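Following: one structure in structure tokens, then a few remarks.
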There are 2 protein chains.
Amino acid sequence: MSTSEKQLTEEQAREVQRQLDFYVQGVREIIPTEELENKLVKSIVEGKPLKIKLGLDPSAPDVHLGHTVVLNKIRQFQENGHTIQLIIGDFTGKIGDPTGKSVARTQLTDEEVRQNAKTYFEQFGKVIDMEKVELHYNSKWLSPLQFEEVINLAGKVTVARLLERDDFEERMAFRKPISLHEFFYPVMQGYDSVILESDIELGGTDQHFNVLMGRHFQERFKKEPQVAMLMPLLEGIDGVEKMSKSKKNYIGIDESPNEMYGKAMSIPDELLIKYFELITNLSPTEVETIKNKVQSGELHPRDAKMLLGKTIVEMYHGREAAEQAEQHFVSVFQQGKTPEVIQEYEWEGNPEVSVIDLLVQLDLLKSKSEARRMIENRGVKVDGNRIEDTGVVITLSNGLIVQVGKRKFAKIKL
Amino acid sequence: MSTSEKQLTEEQAREVQRQLDFYVQGVREIIPTEELENKLVKSIVEGKPLKIKLGLDPSAPDVHLGHTVVLNKIRQFQENGHTIQLIIGDFTGKIGDPTGKSVARTQLTDEEVRQNAKTYFEQFGKVIDMEKVELHYNSKWLSPLQFEEVINLAGKVTVARLLERDDFEERMAFRKPISLHEFFYPVMQGYDSVILESDIELGGTDQHFNVLMGRHFQERFKKEPQVAMLMPLLEGIDGVEKMSKSKKNYIGIDESPNEMYGKAMSIPDELLIKYFELITNLSPTEVETIKNKVQSGELHPRDAKMLLGKTIVEMYHGREAAEQAEQHFVSVFQQGKTPEVIQEYEWEGNPEVSVIDLLVQLDLLKSKSEARRMIENRGVKVDGNRIEDTGVVITLSNGLIVQVGKRKFAKIKL
């Protein structure tokens, strides 16, 4: 849009750059980057907000900080006055899985869809301003489509293109069945962008294919194609797998200040900056500063993690709760109670050990049954994380702290 | 259906066998054969006619004897009291090709569909009793389908299964695009059988995949699956390619008795029995007798062909016309007028020659304009076939006979 660029005042040019600096932070992929800038220039020159699309699966409304990676990006656009289009994929949810094979795709009633949407919104409200959000249910435009229109839609994409989607490609290669209707999920998602004339669609990198379908269909329907902004998937606090409810490596958006803070403290050092970038509301400059200080040794990773914990708790529970959570952590783990008085155990056996055996061998508890009871009474923590399952196997690492009740500690030396 | 079989009287068993003998004649494939017999047994025991489905493409209503291969089979079922379901695929015709790429799949108006259907019926009436036919337009049940129902339909077939269709497989292999909507043509054809609860679907061998889709979808909709009966594709009178209008190797269902007879005489000997089997109304026993006589030398192939010509003309123009056509042929080609008196020309030039040049070079006519006029007045025949186009290029072969008017002949010697 060279014409638009020419019209830019110096102030406008600075504003474009200021917004861009925010938007590109932490993003894995922008397709294509130059179009993002062009759209932004046009928006600022014409004073017209961009339409930022985010699609939601109505079947899994539990929100954890992994989801806020995208929400935080949404918030940045919102704070700059752009329009957020939240789309509840209720049509997909309502049709379920006609093959009856997928457990995940069970058919949802209207009531369930509404209920799940409500759960989303309550939780989203902690990150973005739900008052200013455009809300859409895609059944509104998908449900009335008749066969002829479906054919018309299907005529705008090739089978080969659809088979490029990683999971389809893999299933074809391994001769696992793909039902024809499954091809329609990306098609629908793409068509949503046509109807809503979205400028930008956000998603995790796992949505790469589906988000590009929006671009594809907009082009085929002679609309200006949207820009795809793909956010990295956030590893859970274990530092290994993608954050997810089922892996129990998540920080829930509804968790108490102390739990949030404690979990933030337990992430591996390597994830520190990524967490700052992706799930806090710090500016790119602030994050850069923290990063530099940690790298130079000026800031101890533990102290950086404390800042992370405090920032996150403040985002979801306010400043006061954040300070209390910090004090709680300090009183339990830092004010001498943990590092100074605790006994060190030189561990010589297998570093993979069941939590029950660990407690007994460390002499923290006298018997396996006592150990089991204590876990059931929620009295055992490992590195600050409460153990909730008596069957857990712990992988010991140097410096790992095991805590029973309020006062008994042991530190592992490998 | 062992229970049904037990109930069969001796007379019924004979009737089953009598009908079967007709039905299997000339068929390339029955899938599966035992189900055809079971359905027949049940129909005869319960006195309930079978539903025999034939789908028609509304975009190409010109009927030639190639089409009557299937129609003759339909007629056999009709003569035994079964119900014929003719389906005009008007939904497909009306939606056209959404990619806009296919010339063949141009969108038809309602009026064109009706007009083409009318053309079909007028011509079909020469083979089957159109009064007793059930007529269906598939837009009736396809057009009102909504997206949700389309998804439900699409959920009952896999992508891999659809890609097994020869032309899809080939296009995938050669990386030629297949639009997603194309997958719906076999799906629709299959769904037609679900709606009509067809017992048997007839088609050419090129319909193998599509007809089996009917079986597939009936099973998925918990209906009794239809039997597929696939007829061979009839070679044209050139003996090489499938009979088709565009190859000019066809005998049209509307052609004059003399043209039909003459064209029947021109088929290669190898096709003789196939033509008898597939496009005449002779019984399996009669065809068998002819076959044996030709093989033993008792019947000269030329005489067998004359019988073929006479039979075909009788089917479409009645007995009298058939006898006249035979006499005409005999008087022109056999009673000495052709073979004895005609001049032989030793041809030394290019054997590919325009008919105009040929007529002038053979000295049959004096100038190109005279030649053109004679063709326009329908006065020129090559090997008994009237030349209707002044632009035709003839491929000369040894013994080829060129005729102008009633008396002028020339025979080519290469």
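Going by the structure tokens order, chains are called A, B, ..., each with residues numbered from 1, while ligands are numbered from 1 in the order shown.
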
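By chain and then residue number, the residues within 12 Å of B:Lys176 are Thr158, Val159, Ala160 and Arg161 of chain A; Asp167, Phe168, Glu169, Glu170, Arg171, Met172, Ala173, Phe174, Ile178 and Ser179 of chain B, counting only C-alpha atoms and disregarding those fewer than 2 positions away in sequence.
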
- [ ] Could you please write out, as number ranges by chain, every residue of stretch 167-205 of chain A that DSSP assigns to alpha helix (DSSP H)?
- [x] A: 167-173, 184-196

Task: chain A residues near chain B (9 Å cut-off, only C-alpha atoms) as number ranges by chain - done: A: 91, 94-95, 97-100, 142-162, 172, 175-184

Open item on the list: Using Å and a single decimal, report how far atom CA of B:Pro232 sits from atom CA of B:Arg28.
Closed with: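 Going from atom CA of B:Arg28 over to atom CA of B:Pro232 covers 5.4 Å.
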
Open item on the list: After least-squares alignment of chain A to chain B over all Cα atoms in order, what RMSD do you get?
Closed with: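 C-alpha RMSD after least-squares superposition: 1.5 Å.
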
Task: Long-range neighbours of stretch 209-212 of chain B as a ChimeraX atom specification, 12 Å cut-off, only C-alpha atoms, 2 positions minimum in chain - done: /B:29-32,53-55,161-169,183-194,198-207,214-219,225-231

Task: B:Glu112 surroundings by only C-alpha atoms, 10 Å radius, close-in-sequence under 2 positions cut, as a ChimeraX atom specification - done: /B:58-59,90,93-94,107-110,114-118

Task: For A:Arg373: contacts at 12 Å, only C-alpha atoms, fewer than 4 positions along chain excluded, given as a ChimeraX atom specification - done: /A:356,359,365-369,377-380,387-390,404-405

Suppose we keep N, CA, C and O atoms; can you now write the selection as a CSV table (one decimal), in the first residue's frame?
chain,number,residue,atom,x,y,z
A,356,ILE,N,5.9,-42.4,47.6
A,356,ILE,CA,5.8,-43.1,48.9
A,356,ILE,C,7.1,-43.6,49.4
A,356,ILE,O,7.6,-43.4,50.5
A,359,LEU,N,9.4,-40.8,50.5
A,359,LEU,CA,9.2,-40.2,51.9
A,359,LEU,C,9.7,-41.1,53.0
A,359,LEU,O,10.2,-40.6,54.0
A,365,LEU,N,8.8,-39.8,56.9
A,365,LEU,CA,7.7,-40.5,57.5
A,365,LEU,C,8.1,-41.9,57.8
A,365,LEU,O,9.0,-42.4,57.1
A,366,LYS,N,7.4,-42.6,58.8
A,366,LYS,CA,7.9,-43.9,59.3
A,366,LYS,C,7.5,-45.1,58.4
A,366,LYS,O,8.2,-46.0,58.4
A,367,SER,N,6.3,-45.0,57.8
A,367,SER,CA,5.9,-46.1,57.0
A,367,SER,C,5.2,-45.7,55.8
A,367,SER,O,4.8,-44.5,55.6
A,368,LYS,N,5.0,-46.7,54.9
A,368,LYS,CA,4.3,-46.4,53.6
A,368,LYS,C,2.9,-46.0,53.9
A,368,LYS,O,2.4,-45.1,53.2
A,369,SER,N,2.3,-46.6,54.8
A,369,SER,CA,0.9,-46.2,55.0
A,369,SER,C,0.8,-44.8,55.6
A,369,SER,O,-0.1,-44.0,55.2
A,377,ASN,N,-3.9,-36.4,52.8
A,377,ASN,CA,-4.3,-35.2,53.6
A,377,ASN,C,-3.7,-34.0,53.0
A,377,ASN,O,-3.7,-32.9,53.7
A,378,ARG,N,-3.1,-34.1,51.8
A,378,ARG,CA,-2.5,-32.9,51.1
A,378,ARG,C,-1.4,-32.3,51.9
A,378,ARG,O,-1.2,-31.1,51.9
A,379,GLY,N,-0.6,-33.1,52.5
A,379,GLY,CA,0.5,-32.6,53.4
A,379,GLY,C,1.9,-32.8,52.8
A,379,GLY,O,2.9,-32.5,53.4
A,380,VAL,N,2.0,-33.2,51.5
A,380,VAL,CA,3.3,-33.5,50.9
A,380,VAL,C,3.5,-32.6,49.7
A,380,VAL,O,2.6,-32.4,48.8
A,387,ILE,N,1.7,-32.8,46.1
A,387,ILE,CA,1.5,-34.1,45.5
A,387,ILE,C,0.0,-34.5,45.8
A,387,ILE,O,-0.4,-34.5,47.0
A,388,GLU,N,-0.7,-34.8,44.7
A,388,GLU,CA,-2.1,-35.1,45.0
A,388,GLU,C,-2.4,-36.6,44.7
A,388,GLU,O,-3.5,-37.0,44.9
A,389,ASP,N,-1.5,-37.3,44.2
A,389,ASP,CA,-1.7,-38.7,43.8
A,389,ASP,C,-0.6,-39.6,44.5
A,389,ASP,O,0.6,-39.3,44.4
A,390,THR,N,-1.1,-40.6,45.2
A,390,THR,CA,-0.1,-41.4,46.0
A,390,THR,C,0.7,-42.3,45.0
A,390,THR,O,1.7,-42.9,45.4
A,404,VAL,N,7.1,-32.2,54.1
A,404,VAL,CA,6.0,-32.9,54.7
A,404,VAL,C,5.4,-31.9,55.8
A,404,VAL,O,6.2,-31.5,56.7
A,405,GLY,N,4.2,-31.7,55.7
A,405,GLY,CA,3.5,-30.7,56.6
A,405,GLY,C,4.2,-29.4,56.5
A,405,GLY,O,4.7,-29.0,55.4
